[in-house]
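**Student:** First, the structure itself, so that you have it in front of you.
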Amino acid sequence: DDMLGNAIESIQVVRGESLSTPRIQLWHDSQQIIQWHPLNDSFGLKGAMSLWQNRPSSSDILGFLDPSNDQSFVCHVIMEGGDGSNGMDIEFLRDHSLRKRVTHLGIEPVTFADETTGKVPDEMATAAMARMISLQPSFVCPDEPLFLSTDGWDHFDVATRQGPEGSTVRCEGKETKIPVATLKTVDGKVVNPTGAGNAYSAAYTTCRSRGLSIEEAASCASAVGAVFCEYDHIPPWTSAVISRIREARDEIL
């Protein structure tokens, strides 16, 4: 339990004073197709656009590290997986002076499934897999549509996100289904799902890097994702929230 608690507490959220948390509203239309729109300038200058334009370079990251002792760190990256991507979101990982300090690398590939087939187009899936293989990550957290759309996953320790259905972790030929935690909201429903998948992936990378098993790491990650869904914004990183994550983790385990 101490190891699980320490892994949870090692996750840090860095905020910019002038930025707002990107948020979207989701709903199903009359044809049961998912529709969405941004809220509160989420994709404007104070939201995702600013986060994207001002993403850190390798020199920015190295500037936070202690140059006197070759300080190492765990890195989790949201990677654009499309075949048309310019690769700028992972360019900093090509810097050898930075990469040699990364003890564990987690990749969260972002792709978009076809609404008719439910799968990611072949070109996009193939490009995403090629980029992941080139980076040689320790852990990969794809959504289910991408996982089903391409081969090659045996290269990785994989945690496949399946939204409200939970997740499935696969490593060295072993496959384990991880359920979701019960939401502690007024009506038991999701308040805002934005960022829950990202939080799951980052938590999984962090927990696995601390030596937790795939089941323990995925249970912690599912707990973190569930707690994100209980808030209208990024949860405050307080002792109460950490206790709530532990509670959700214990329910899953």
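Ligands are numbered from 1 in the order shown, residues from 1 within each chain, and chains are lettered A, B, ... in the order they appear in the structure tokens.
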Considering only C-alpha atoms, tabulate each residue of region 85-183 of chain A that lies at most 8 Å from region 217-222 of chain A along with its nearest interatomic pair and the corresponding distance in Å to one decimal; arrange the rows by chain and ascending residue number and present them as a tab-separated table.
**Tutor:**
```
residue	atom	partner	partner_atom	distance
A:Ala159	CA	A:Ala218	CA	7.3
A:Gly166	CA	A:Ser222	CA	7.3
A:Ser167	CA	A:Ala218	CA	7.7
A:Val169	CA	A:Ala218	CA	7.2
A:Ile178	CA	A:Ser219	CA	6.7
A:Pro179	CA	A:Ser222	CA	7.8
A:Val180	CA	A:Ser222	CA	6.1
A:Ala181	CA	A:Ser222	CA	7.1
```
**Student:** State, in Å with one decimal place, the distance from CA of Tyr231 (chain A) to CA of Lys189 (chain A).
**Tutor:**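 Rounded to one decimal, the two atoms are 10.9 Å apart.
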**Student:** Residues near Gly197 (chain A), anyone? I mean within 9 Å using only C-alpha atoms, not counting same-chain ones fewer than 2 positions away, as a ChimeraX atom specification.
**Tutor:** /A:143,161,163,193-195,199-202,222,225
**Student:** Set the distance at 12 Å and use only C-alpha atoms: which residues neighbour Pro67 (chain A) once local chain neighbours fewer than 6 positions away are removed? I'd like the list as a PyMOL selection string.
**Tutor:** chain A and resi 59+61+97-98+101
**Student:** As a CSV table (one decimal) with N, CA, C and O atoms, in the first residue's frame, list the residues of region 61-246 of chain A assigned to helix (DSSP H, G or I) by DSSP on the backbone atoms of this structure.
**Tutor:**
```csv
chain,number,residue,atom,x,y,z
A,61,ILE,N,12.9,21.5,-20.7
A,61,ILE,CA,12.8,20.4,-19.8
A,61,ILE,C,14.1,20.2,-19.1
A,61,ILE,O,14.2,20.1,-17.8
A,62,LEU,N,15.2,20.3,-19.8
A,62,LEU,CA,16.6,20.1,-19.2
A,62,LEU,C,16.8,21.3,-18.2
A,62,LEU,O,17.6,21.1,-17.2
A,63,GLY,N,16.2,22.4,-18.4
A,63,GLY,CA,16.4,23.6,-17.5
A,63,GLY,C,15.8,23.3,-16.2
A,63,GLY,O,16.2,24.0,-15.2
A,64,PHE,N,14.8,22.4,-16.1
A,64,PHE,CA,14.3,22.0,-14.8
A,64,PHE,C,15.1,21.0,-14.0
A,64,PHE,O,14.9,20.8,-12.8
A,88,MET,N,6.2,17.5,-34.4
A,88,MET,CA,6.8,18.4,-33.4
A,88,MET,C,6.4,18.1,-32.0
A,88,MET,O,7.1,18.5,-31.1
A,89,ASP,N,5.4,17.3,-31.7
A,89,ASP,CA,5.0,17.0,-30.4
A,89,ASP,C,5.9,16.1,-29.7
A,89,ASP,O,6.0,16.0,-28.5
A,90,ILE,N,6.7,15.4,-30.5
A,90,ILE,CA,7.7,14.4,-29.9
A,90,ILE,C,9.1,14.8,-30.2
A,90,ILE,O,10.1,14.0,-30.0
A,91,GLU,N,9.3,15.9,-30.9
A,91,GLU,CA,10.6,16.3,-31.4
A,91,GLU,C,11.7,16.4,-30.2
A,91,GLU,O,12.8,16.0,-30.4
A,92,PHE,N,11.2,16.8,-29.1
A,92,PHE,CA,12.2,17.0,-27.9
A,92,PHE,C,12.8,15.6,-27.5
A,92,PHE,O,13.9,15.6,-27.0
A,93,LEU,N,12.1,14.5,-27.8
A,93,LEU,CA,12.6,13.2,-27.5
A,93,LEU,C,13.7,12.8,-28.4
A,93,LEU,O,14.4,11.8,-28.1
A,94,ARG,N,14.0,13.5,-29.5
A,94,ARG,CA,15.1,13.2,-30.4
A,94,ARG,C,16.4,13.8,-29.8
A,94,ARG,O,17.5,13.5,-30.4
A,96,HIS,N,19.4,13.7,-27.7
A,96,HIS,CA,20.0,12.6,-27.0
A,96,HIS,C,20.4,13.0,-25.5
A,96,HIS,O,20.3,12.2,-24.6
A,97,SER,N,20.7,14.3,-25.3
A,97,SER,CA,21.1,14.8,-24.0
A,97,SER,C,19.9,14.7,-23.0
A,97,SER,O,20.0,14.5,-21.8
A,98,LEU,N,18.7,14.8,-23.6
A,98,LEU,CA,17.5,14.7,-22.8
A,98,LEU,C,17.1,13.2,-22.7
A,98,LEU,O,16.8,12.7,-21.6
A,99,ARG,N,17.0,12.5,-23.8
A,99,ARG,CA,16.5,11.2,-23.8
A,99,ARG,C,17.3,10.2,-22.9
A,99,ARG,O,16.8,9.3,-22.3
A,122,ASP,N,-6.5,2.9,-41.8
A,122,ASP,CA,-5.2,2.1,-41.9
A,122,ASP,C,-4.0,3.0,-41.9
A,122,ASP,O,-3.0,2.8,-41.2
A,123,GLU,N,-4.1,4.1,-42.7
A,123,GLU,CA,-2.9,5.0,-42.8
A,123,GLU,C,-2.5,5.6,-41.5
A,123,GLU,O,-1.4,5.7,-41.1
A,124,MET,N,-3.6,6.1,-40.8
A,124,MET,CA,-3.3,6.7,-39.5
A,124,MET,C,-2.8,5.7,-38.4
A,124,MET,O,-1.9,6.0,-37.7
A,125,ALA,N,-3.4,4.5,-38.4
A,125,ALA,CA,-3.0,3.5,-37.5
A,125,ALA,C,-1.6,3.1,-37.7
A,125,ALA,O,-0.8,2.9,-36.8
A,126,THR,N,-1.2,2.9,-39.0
A,126,THR,CA,0.1,2.5,-39.4
A,126,THR,C,1.2,3.5,-39.0
A,126,THR,O,2.2,3.2,-38.5
A,127,ALA,N,0.8,4.8,-39.3
A,127,ALA,CA,1.7,5.9,-39.0
A,127,ALA,C,1.9,6.0,-37.4
A,127,ALA,O,3.1,6.2,-37.0
A,128,ALA,N,0.9,5.8,-36.7
A,128,ALA,CA,1.0,5.9,-35.2
A,128,ALA,C,1.9,4.8,-34.7
A,128,ALA,O,2.7,5.0,-33.8
A,129,MET,N,1.7,3.6,-35.2
A,129,MET,CA,2.5,2.5,-34.8
A,129,MET,C,4.0,2.7,-35.1
A,129,MET,O,4.9,2.5,-34.3
A,130,ALA,N,4.3,3.2,-36.3
A,130,ALA,CA,5.6,3.5,-36.7
A,130,ALA,C,6.3,4.5,-35.8
A,130,ALA,O,7.5,4.3,-35.4
A,131,ARG,N,5.6,5.5,-35.4
A,131,ARG,CA,6.1,6.6,-34.6
A,131,ARG,C,6.4,6.0,-33.2
A,131,ARG,O,7.4,6.3,-32.6
A,132,MET,N,5.5,5.2,-32.7
A,132,MET,CA,5.7,4.6,-31.4
A,132,MET,C,6.9,3.7,-31.4
A,132,MET,O,7.8,3.7,-30.4
A,133,ILE,N,7.1,2.8,-32.4
A,133,ILE,CA,8.2,1.9,-32.4
A,133,ILE,C,9.5,2.7,-32.5
A,133,ILE,O,10.5,2.3,-31.9
A,134,SER,N,9.5,3.8,-33.2
A,134,SER,CA,10.7,4.6,-33.4
A,134,SER,C,11.1,5.2,-32.0
A,134,SER,O,12.3,5.5,-31.8
A,135,LEU,N,10.2,5.5,-31.1
A,135,LEU,CA,10.5,6.1,-29.8
A,135,LEU,C,10.9,5.0,-28.8
A,135,LEU,O,11.4,5.4,-27.7
A,144,GLU,N,-9.1,1.9,-27.4
A,144,GLU,CA,-9.5,0.6,-28.0
A,144,GLU,C,-9.5,0.6,-29.5
A,144,GLU,O,-9.1,-0.3,-30.1
A,145,PRO,N,-10.1,1.7,-30.1
A,145,PRO,CA,-10.2,1.7,-31.6
A,145,PRO,C,-8.8,1.5,-32.3
A,145,PRO,O,-8.7,0.8,-33.3
A,146,LEU,N,-7.8,2.3,-31.7
A,146,LEU,CA,-6.5,2.2,-32.3
A,146,LEU,C,-5.9,0.8,-32.1
A,146,LEU,O,-5.3,0.2,-33.0
A,147,PHE,N,-6.1,0.2,-30.9
A,147,PHE,CA,-5.5,-1.1,-30.6
A,147,PHE,C,-6.1,-2.1,-31.6
A,147,PHE,O,-5.4,-3.0,-32.0
A,148,LEU,N,-7.4,-2.0,-31.9
A,148,LEU,CA,-8.0,-3.0,-32.8
A,148,LEU,C,-7.7,-2.8,-34.3
A,148,LEU,O,-8.0,-3.6,-35.1
A,149,SER,N,-7.0,-1.7,-34.6
A,149,SER,CA,-6.8,-1.3,-36.0
A,149,SER,C,-5.5,-1.6,-36.5
A,149,SER,O,-5.2,-1.4,-37.7
A,153,TRP,N,1.5,-4.6,-31.3
A,153,TRP,CA,1.5,-4.2,-29.9
A,153,TRP,C,2.3,-5.1,-29.0
A,153,TRP,O,2.6,-4.7,-27.8
A,154,ASP,N,2.8,-6.2,-29.5
A,154,ASP,CA,3.6,-7.1,-28.7
A,154,ASP,C,5.0,-6.5,-28.4
A,154,ASP,O,5.8,-7.0,-27.6
A,155,HIS,N,5.3,-5.3,-29.0
A,155,HIS,CA,6.5,-4.6,-28.7
A,155,HIS,C,6.5,-3.9,-27.4
A,155,HIS,O,7.5,-3.5,-26.8
A,163,GLY,N,-12.8,3.6,-22.0
A,163,GLY,CA,-13.8,4.5,-21.4
A,163,GLY,C,-14.6,3.9,-20.3
A,163,GLY,O,-14.0,3.4,-19.3
A,164,PRO,N,-15.9,4.0,-20.3
A,164,PRO,CA,-16.8,3.5,-19.2
A,164,PRO,C,-16.7,2.0,-19.0
A,164,PRO,O,-17.2,1.5,-18.0
A,165,GLU,N,-16.1,1.3,-20.0
A,165,GLU,CA,-15.9,-0.2,-19.9
A,165,GLU,C,-14.7,-0.6,-19.1
A,165,GLU,O,-14.4,-1.7,-19.0
A,196,ALA,N,-9.8,12.7,-18.4
A,196,ALA,CA,-9.8,11.5,-17.6
A,196,ALA,C,-8.9,10.5,-18.3
A,196,ALA,O,-8.1,9.8,-17.6
A,197,GLY,N,-9.0,10.4,-19.6
A,197,GLY,CA,-8.1,9.4,-20.3
A,197,GLY,C,-6.6,9.8,-20.2
A,197,GLY,O,-5.8,8.9,-20.1
A,198,ASN,N,-6.4,11.1,-20.3
A,198,ASN,CA,-5.0,11.6,-20.2
A,198,ASN,C,-4.4,11.3,-18.8
A,198,ASN,O,-3.3,10.9,-18.6
A,199,ALA,N,-5.3,11.5,-17.8
A,199,ALA,CA,-4.9,11.3,-16.4
A,199,ALA,C,-4.6,9.8,-16.2
A,199,ALA,O,-3.7,9.4,-15.5
A,200,TYR,N,-5.5,8.9,-16.8
A,200,TYR,CA,-5.3,7.5,-16.7
A,200,TYR,C,-3.9,7.1,-17.2
A,200,TYR,O,-3.1,6.4,-16.6
A,201,SER,N,-3.6,7.6,-18.4
A,201,SER,CA,-2.3,7.2,-19.1
A,201,SER,C,-1.1,7.7,-18.3
A,201,SER,O,-0.2,6.9,-18.1
A,202,ALA,N,-1.1,8.9,-17.9
A,202,ALA,CA,0.0,9.5,-17.1
A,202,ALA,C,0.2,8.7,-15.8
A,202,ALA,O,1.3,8.4,-15.4
A,203,ALA,N,-1.0,8.4,-15.1
A,203,ALA,CA,-0.9,7.6,-13.9
A,203,ALA,C,-0.3,6.2,-14.1
A,203,ALA,O,0.5,5.7,-13.3
A,204,TYR,N,-0.7,5.6,-15.2
A,204,TYR,CA,-0.2,4.3,-15.5
A,204,TYR,C,1.3,4.3,-15.7
A,204,TYR,O,2.0,3.4,-15.2
A,205,THR,N,1.8,5.2,-16.5
A,205,THR,CA,3.2,5.4,-16.7
A,205,THR,C,3.9,5.6,-15.4
A,205,THR,O,4.9,4.9,-15.1
A,206,THR,N,3.4,6.5,-14.6
A,206,THR,CA,4.1,6.8,-13.3
A,206,THR,C,4.1,5.5,-12.4
A,206,THR,O,5.1,5.2,-11.8
A,207,CYS,N,3.0,4.8,-12.3
A,207,CYS,CA,2.9,3.7,-11.4
A,207,CYS,C,3.8,2.5,-11.9
A,207,CYS,O,4.5,1.9,-11.1
A,208,ARG,N,3.8,2.3,-13.2
A,208,ARG,CA,4.6,1.2,-13.7
A,208,ARG,C,6.1,1.5,-13.5
A,208,ARG,O,6.9,0.7,-13.2
A,209,SER,N,6.4,2.8,-13.7
A,209,SER,CA,7.8,3.2,-13.5
A,209,SER,C,8.3,3.0,-12.0
A,209,SER,O,9.5,2.9,-11.8
A,214,ILE,N,1.2,-4.7,-13.5
A,214,ILE,CA,0.3,-4.1,-14.5
A,214,ILE,C,-1.1,-4.0,-13.9
A,214,ILE,O,-1.8,-3.0,-14.1
A,215,GLU,N,-1.5,-4.9,-13.0
A,215,GLU,CA,-2.8,-4.8,-12.4
A,215,GLU,C,-2.9,-3.7,-11.4
A,215,GLU,O,-3.9,-2.9,-11.4
A,216,GLU,N,-1.9,-3.5,-10.6
A,216,GLU,CA,-1.8,-2.5,-9.6
A,216,GLU,C,-1.8,-1.1,-10.3
A,216,GLU,O,-2.5,-0.2,-9.9
A,217,ALA,N,-0.9,-1.0,-11.3
A,217,ALA,CA,-0.8,0.3,-12.0
A,217,ALA,C,-2.1,0.7,-12.7
A,217,ALA,O,-2.5,1.8,-12.6
A,218,ALA,N,-2.7,-0.3,-13.4
A,218,ALA,CA,-4.0,0.0,-14.1
A,218,ALA,C,-5.1,0.3,-13.1
A,218,ALA,O,-6.0,1.2,-13.4
A,219,SER,N,-5.1,-0.3,-11.9
A,219,SER,CA,-6.1,0.0,-10.9
A,219,SER,C,-6.0,1.4,-10.4
A,219,SER,O,-6.9,2.2,-10.2
A,220,CYS,N,-4.7,1.8,-10.1
A,220,CYS,CA,-4.4,3.2,-9.7
A,220,CYS,C,-4.8,4.2,-10.8
A,220,CYS,O,-5.4,5.2,-10.6
A,221,ALA,N,-4.5,3.8,-12.0
A,221,ALA,CA,-4.8,4.7,-13.2
A,221,ALA,C,-6.3,4.9,-13.4
A,221,ALA,O,-6.8,6.0,-13.6
A,222,SER,N,-7.0,3.8,-13.2
A,222,SER,CA,-8.5,3.8,-13.3
A,222,SER,C,-9.1,4.7,-12.2
A,222,SER,O,-10.0,5.4,-12.5
A,223,ALA,N,-8.5,4.6,-11.0
A,223,ALA,CA,-9.0,5.4,-9.9
A,223,ALA,C,-8.7,6.9,-10.2
A,223,ALA,O,-9.6,7.7,-9.9
A,224,VAL,N,-7.6,7.2,-10.7
A,224,VAL,CA,-7.3,8.6,-11.1
A,224,VAL,C,-8.2,9.1,-12.1
A,224,VAL,O,-8.8,10.2,-12.0
A,225,GLY,N,-8.5,8.3,-13.2
A,225,GLY,CA,-9.4,8.7,-14.2
A,225,GLY,C,-10.8,8.9,-13.7
A,225,GLY,O,-11.5,9.9,-14.1
A,226,ALA,N,-11.3,8.0,-12.8
A,226,ALA,CA,-12.6,8.2,-12.2
A,226,ALA,C,-12.8,9.5,-11.4
A,226,ALA,O,-13.8,10.2,-11.5
A,227,VAL,N,-11.7,9.8,-10.6
A,227,VAL,CA,-11.8,11.0,-9.8
A,227,VAL,C,-11.8,12.3,-10.7
A,227,VAL,O,-12.5,13.2,-10.4
A,228,PHE,N,-11.1,12.2,-11.8
A,228,PHE,CA,-11.2,13.3,-12.8
A,228,PHE,C,-12.6,13.5,-13.3
A,228,PHE,O,-13.1,14.6,-13.4
A,229,CYS,N,-13.4,12.4,-13.5
A,229,CYS,CA,-14.7,12.5,-14.0
A,229,CYS,C,-15.7,13.0,-12.9
A,229,CYS,O,-16.8,13.4,-13.3
A,239,SER,N,-4.9,16.4,-0.1
A,239,SER,CA,-4.9,15.1,0.6
A,239,SER,C,-6.3,14.4,0.5
A,239,SER,O,-6.4,13.2,0.4
A,240,ALA,N,-7.4,15.2,0.5
A,240,ALA,CA,-8.7,14.6,0.3
A,240,ALA,C,-8.9,13.9,-1.0
A,240,ALA,O,-9.5,12.8,-1.1
A,241,VAL,N,-8.3,14.6,-2.1
A,241,VAL,CA,-8.4,14.0,-3.4
A,241,VAL,C,-7.5,12.7,-3.5
A,241,VAL,O,-7.9,11.7,-4.1
A,242,ILE,N,-6.4,12.8,-2.9
A,242,ILE,CA,-5.5,11.6,-2.9
A,242,ILE,C,-6.1,10.4,-2.1
A,242,ILE,O,-6.1,9.3,-2.5
A,243,SER,N,-6.8,10.8,-1.0
A,243,SER,CA,-7.6,9.7,-0.3
A,243,SER,C,-8.7,9.1,-1.1
A,243,SER,O,-8.9,7.9,-1.0
A,244,ARG,N,-9.3,10.0,-1.9
A,244,ARG,CA,-10.4,9.5,-2.7
A,244,ARG,C,-9.9,8.6,-3.8
A,244,ARG,O,-10.5,7.6,-4.2
A,245,ILE,N,-8.7,8.9,-4.3
A,245,ILE,CA,-8.1,8.0,-5.3
A,245,ILE,C,-7.7,6.7,-4.7
A,245,ILE,O,-8.0,5.6,-5.3
A,246,ARG,N,-7.2,6.7,-3.5
A,246,ARG,CA,-6.9,5.4,-2.8
A,246,ARG,C,-8.2,4.6,-2.6
A,246,ARG,O,-8.2,3.4,-2.8
```
**Student:** Which of these residues is nearest to Cys141 (chain A), using only C-alpha atoms: A:Leu65, A:Val77, A:Val120, A:Gly173?
**Tutor:** A:Val77
